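Data first, discussion second: the structure below is written as structure tokens.
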Amino acid sequence: MARIPVAIQMYTLRDQVAEDYEGTYRKVAEIGYEGVQGSPKSGMTGAEYKAFLDELGLTTPGGHTGLGALEDNLQSVIDLHHAIDAKYVTLSSMPQDRRKTGDDWKRAAENMTAIGKKLADAGIVLCYHNHAFEFETFDGKYGLDILYDNSDPQYVQAEIDTYWVQKGGVDPAAYIRKLSGRTPLIHIKDMDTDGDFAEIGEGTLDWDAIWSACEASGAKWYIVEQDRCKRPPVESATLSVNNLCKMGKLD
């Protein structure tokens, strides 16, 4: 099978982006990432963002967005993703007031299916990015299971975050396999021995099992994200790339 491309979620380098947007993106390309999960800077159009990525040899699977934008300004989200030639829109998190009960998760599933259908009509796939709170149980079922069990797989897919699945007390590889066929995007994120974030290959996650599960389940993108870095963030992003190369996941 073809090698799965590797991007970086620019949240990892958010402070650097705020200080030097263009320079940080250029550094990402120089380090060896093939894509980015980010957004145009203030005042930059989608077309200008796409041209900038093209100049750097980067592509994008798409960005993260909030539920408010999906519910109230969906056409703008669609227009941006068309302009940047991105296939995936990812809901970054479920608002706290929408996930207090199992019924809330069922309603969220119905809502996401409706939004996902509109996106699918525009040629875009809706994904959901998990944290750890989705593994709270309601009548013995994880909130995340309720979401996926009650949504249409054609319209609601997953961006599984390996760190947060582990933090929620579940094996990431097993959960990816459980959602086989619904996991086009994988946030690859390692966990340090103290439970904090770590660079890929520097922590405790079983990457051989995760890679195998991702490939078997139809993953289309690996996306490096590190919420907090103990090293300078650019150094952390570089170390993750170097380890991915050693693992055979990057050339």
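Numbering starts fresh at 1 for the residues of each chain in the structure tokens, the chains themselves are lettered A, B, ... in the order given, and ligands are numbered from 1 as they appear.
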Considering only C-alpha atoms, return as a PDB file with C-alpha atoms, in the first residue's frame whatever protein or nucleic-acid residues lie within 8 Å of range 171-180 of chain A, sequence-local ones (same chain, fewer than 4 positions apart) excluded.
```pdb
ATOM      1  CA  ILE A 160      -8.727   9.613  16.383  1.00  0.00           C
ATOM      2  CA  THR A 162      -3.985   8.466  20.099  1.00  0.00           C
ATOM      3  CA  TYR A 163      -2.885  10.304  23.243  1.00  0.00           C
ATOM      4  CA  VAL A 165      -7.714   7.694  23.721  1.00  0.00           C
ATOM      5  CA  GLN A 166      -4.948   6.370  25.973  1.00  0.00           C
ATOM      6  CA  ALA A 209       0.324  -1.748  17.060  1.00  0.00           C
ATOM      7  CA  ILE A 210      -0.988   1.716  16.185  1.00  0.00           C
ATOM      8  CA  TRP A 211       0.593   1.736  12.708  1.00  0.00           C
ATOM      9  CA  SER A 212      -0.809  -1.709  11.986  1.00  0.00           C
ATOM     10  CA  ALA A 213      -4.289  -0.668  13.125  1.00  0.00           C
ATOM     11  CA  CYS A 214      -4.197   2.549  11.099  1.00  0.00           C
ATOM     12  CA  ALA A 216      -5.772  -1.936   8.387  1.00  0.00           C
ATOM     13  CA  SER A 217      -8.503   0.607   9.121  1.00  0.00           C
ATOM     14  CA  GLY A 218      -7.992   2.851   6.106  1.00  0.00           C
TER      15      GLY A 218
END
```
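Note that DSSP on the backbone gives helix (DSSP H, G or I) to these residues of range 161-202 of chain A: A:Thr162, A:Tyr163, A:Trp164, A:Val165, A:Gln166, A:Lys167, A:Pro172, A:Ala173, A:Ala174, A:Tyr175, A:Ile176, A:Arg177, A:Lys178.
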With 9 Å as the cut-off and only C-alpha atoms counted, what is the closest atom pair between each nearby residue of range 3-95 of chain A and range 120-144 of chain A? Distances in Å to one decimal, ordered by chain and number, as a tab-separated table.
```
residue	atom	partner	partner_atom	distance
A:His64	CA	A:His129	CA	8.5
A:Ile78	CA	A:Ala122	CA	7.2
A:His81	CA	A:Ile124	CA	8.0
A:His82	CA	A:Ile124	CA	8.5
A:Ala86	CA	A:Ile124	CA	7.8
A:Lys87	CA	A:Ile124	CA	5.0
A:Tyr88	CA	A:Val125	CA	4.8
A:Val89	CA	A:Leu126	CA	5.0
A:Thr90	CA	A:Cys127	CA	4.6
A:Leu91	CA	A:Tyr128	CA	4.9
A:Ser92	CA	A:His129	CA	5.2
A:Ser93	CA	A:His129	CA	6.1
A:Met94	CA	A:Asn130	CA	8.4
```
Among range 107-193 of chain A, which residues does DSSP mark as strand (DSSP E) when it is run on the backbone? Keep the chain and numbering as in the structure and answer as a PyMOL selection string. chain A and resi 125-129+137-138+141-142+157-161+185-188+190-191
Take the residues from that selection and put them in a file with C-alpha atoms, as a short mmCIF file (atom, residue, chain, number, x, y, z; two decimals), in the first residue's frame.
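Done, and the output landed in selection_5.cif:
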```cif
data_model
loop_
_atom_site.label_atom_id
_atom_site.label_comp_id
_atom_site.auth_asym_id
_atom_site.auth_seq_id
_atom_site.Cartn_x
_atom_site.Cartn_y
_atom_site.Cartn_z
CA VAL A 125 -15.96 14.65 4.79
CA LEU A 126 -16.87 15.54 8.39
CA CYS A 127 -14.67 14.09 11.13
CA TYR A 128 -14.75 14.34 14.92
CA HIS A 129 -11.62 14.88 17.02
CA THR A 137 -19.70 6.17 30.29
CA PHE A 138 -23.47 6.52 30.11
CA LYS A 141 -21.33 3.03 26.94
CA TYR A 142 -18.65 5.55 26.13
CA GLN A 157 -16.03 9.87 10.43
CA ALA A 158 -13.21 10.09 12.97
CA GLU A 159 -10.00 11.89 13.64
CA ILE A 160 -8.73 9.61 16.38
CA ASP A 161 -6.25 11.21 18.78
CA LEU A 185 -7.39 11.11 10.03
CA ILE A 186 -5.18 10.06 12.93
CA HIS A 187 -3.74 12.56 15.37
CA ILE A 188 -0.52 10.81 16.31
CA ASP A 190 2.71 10.15 22.30
CA MET A 191 2.41 10.00 26.09
#
```
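CA of Trp164 in chain A is positioned 22.9 Å from CA of Arg107 in chain A.
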Any idea what's packed within 10 Å of range 233-238 of chain A, counting only C-alpha atoms, ignoring anything in its chain fewer than 4 positions away? Could you give it as a ChimeraX atom specification? /A:8,12-16,24,27-28,30-33,198-200,224-229,242-244
Between CA of Met112 in chain A and CA of Val6 in chain A, what is the distance, to one decimal in Å?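 Between CA of Met112 in chain A and CA of Val6 in chain A the gap works out to 26.6 Å.
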Sorted by chain and rising residue number, which residues of range 77-193 of chain A lie within 7 Å of range 45-49 of chain A, and what are their closest atom pairs and distances in Å to one decimal, counting only C-alpha atoms, as CSV?
```
residue,atom,partner,partner_atom,distance
A:Leu80,CA,A:Gly46,CA,5.4
A:Ala83,CA,A:Gly46,CA,5.2
A:Ile84,CA,A:Gly46,CA,5.7
```
Quick one: contact table of range 4-57 of chain A to range 219-222 of chain A, 7 Å max, nearest atom pair and distance in Å to one decimal per residue, counting only C-alpha atoms, chain and number order, as CSV?
```
residue,atom,partner,partner_atom,distance
A:Ile4,CA,A:Trp221,CA,5.7
A:Pro5,CA,A:Trp221,CA,5.4
A:Val6,CA,A:Tyr222,CA,4.8
A:Ala7,CA,A:Tyr222,CA,6.2
```
Can I get the selected residues back with C-alpha atoms, as a compact mmCIF listing (two decimals), in the first residue's frame?
```
# COMPACT_ATOMS: atom_id res chain seq x y z
CA ILE A 4 0.36 7.44 4.48
CA PRO A 5 1.38 11.13 4.34
CA VAL A 6 2.38 13.04 7.48
CA ALA A 7 1.16 16.51 8.46
```
Show which residues sit within 10 Å of Glu71 in chain A, as a PyMOL selection string. Count only C-alpha atoms, and ignore same-chain residues fewer than 5 positions away. chain A and resi 66+111-112+114-115
Those same residues, written as a PDB file, in the first residue's frame with C-alpha atoms?
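The resulting file, part-v9.pdb, is reproduced below:
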```
ATOM      1  CA  GLY A  66     -15.948  24.659  16.145  1.00  0.00           C
ATOM      2  CA  ASN A 111     -26.820  16.846  14.441  1.00  0.00           C
ATOM      3  CA  MET A 112     -23.452  15.767  13.086  1.00  0.00           C
ATOM      4  CA  ALA A 114     -27.194  16.315   9.266  1.00  0.00           C
ATOM      5  CA  ILE A 115     -24.141  18.583   9.016  1.00  0.00           C
TER       6      ILE A 115
END
```
A straight line from CA of Ala18 in chain A to CA of Lys41 in chain A spans 9.1 Å
Selected residue of minimal separation from Val36 in chain A among A:Gly203, A:Ile223, A:Phe52, A:Thr101, counting only C-alpha atoms: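 Among the listed residues, A:Ile223 lies closest to Val36 in chain A.
Distance annotation: of A:Asp72, A:Thr204, A:Pro95, A:Tyr25, the residue with the minimal separation from Asp54 in chain A is A:Tyr25; atom set is only C-alpha atoms.
Nearest to Leu119 in chain A of all the residues A:Asp79, A:Asp196, A:Glu19, A:Glu202 is A:Asp79, counting only C-alpha atoms.
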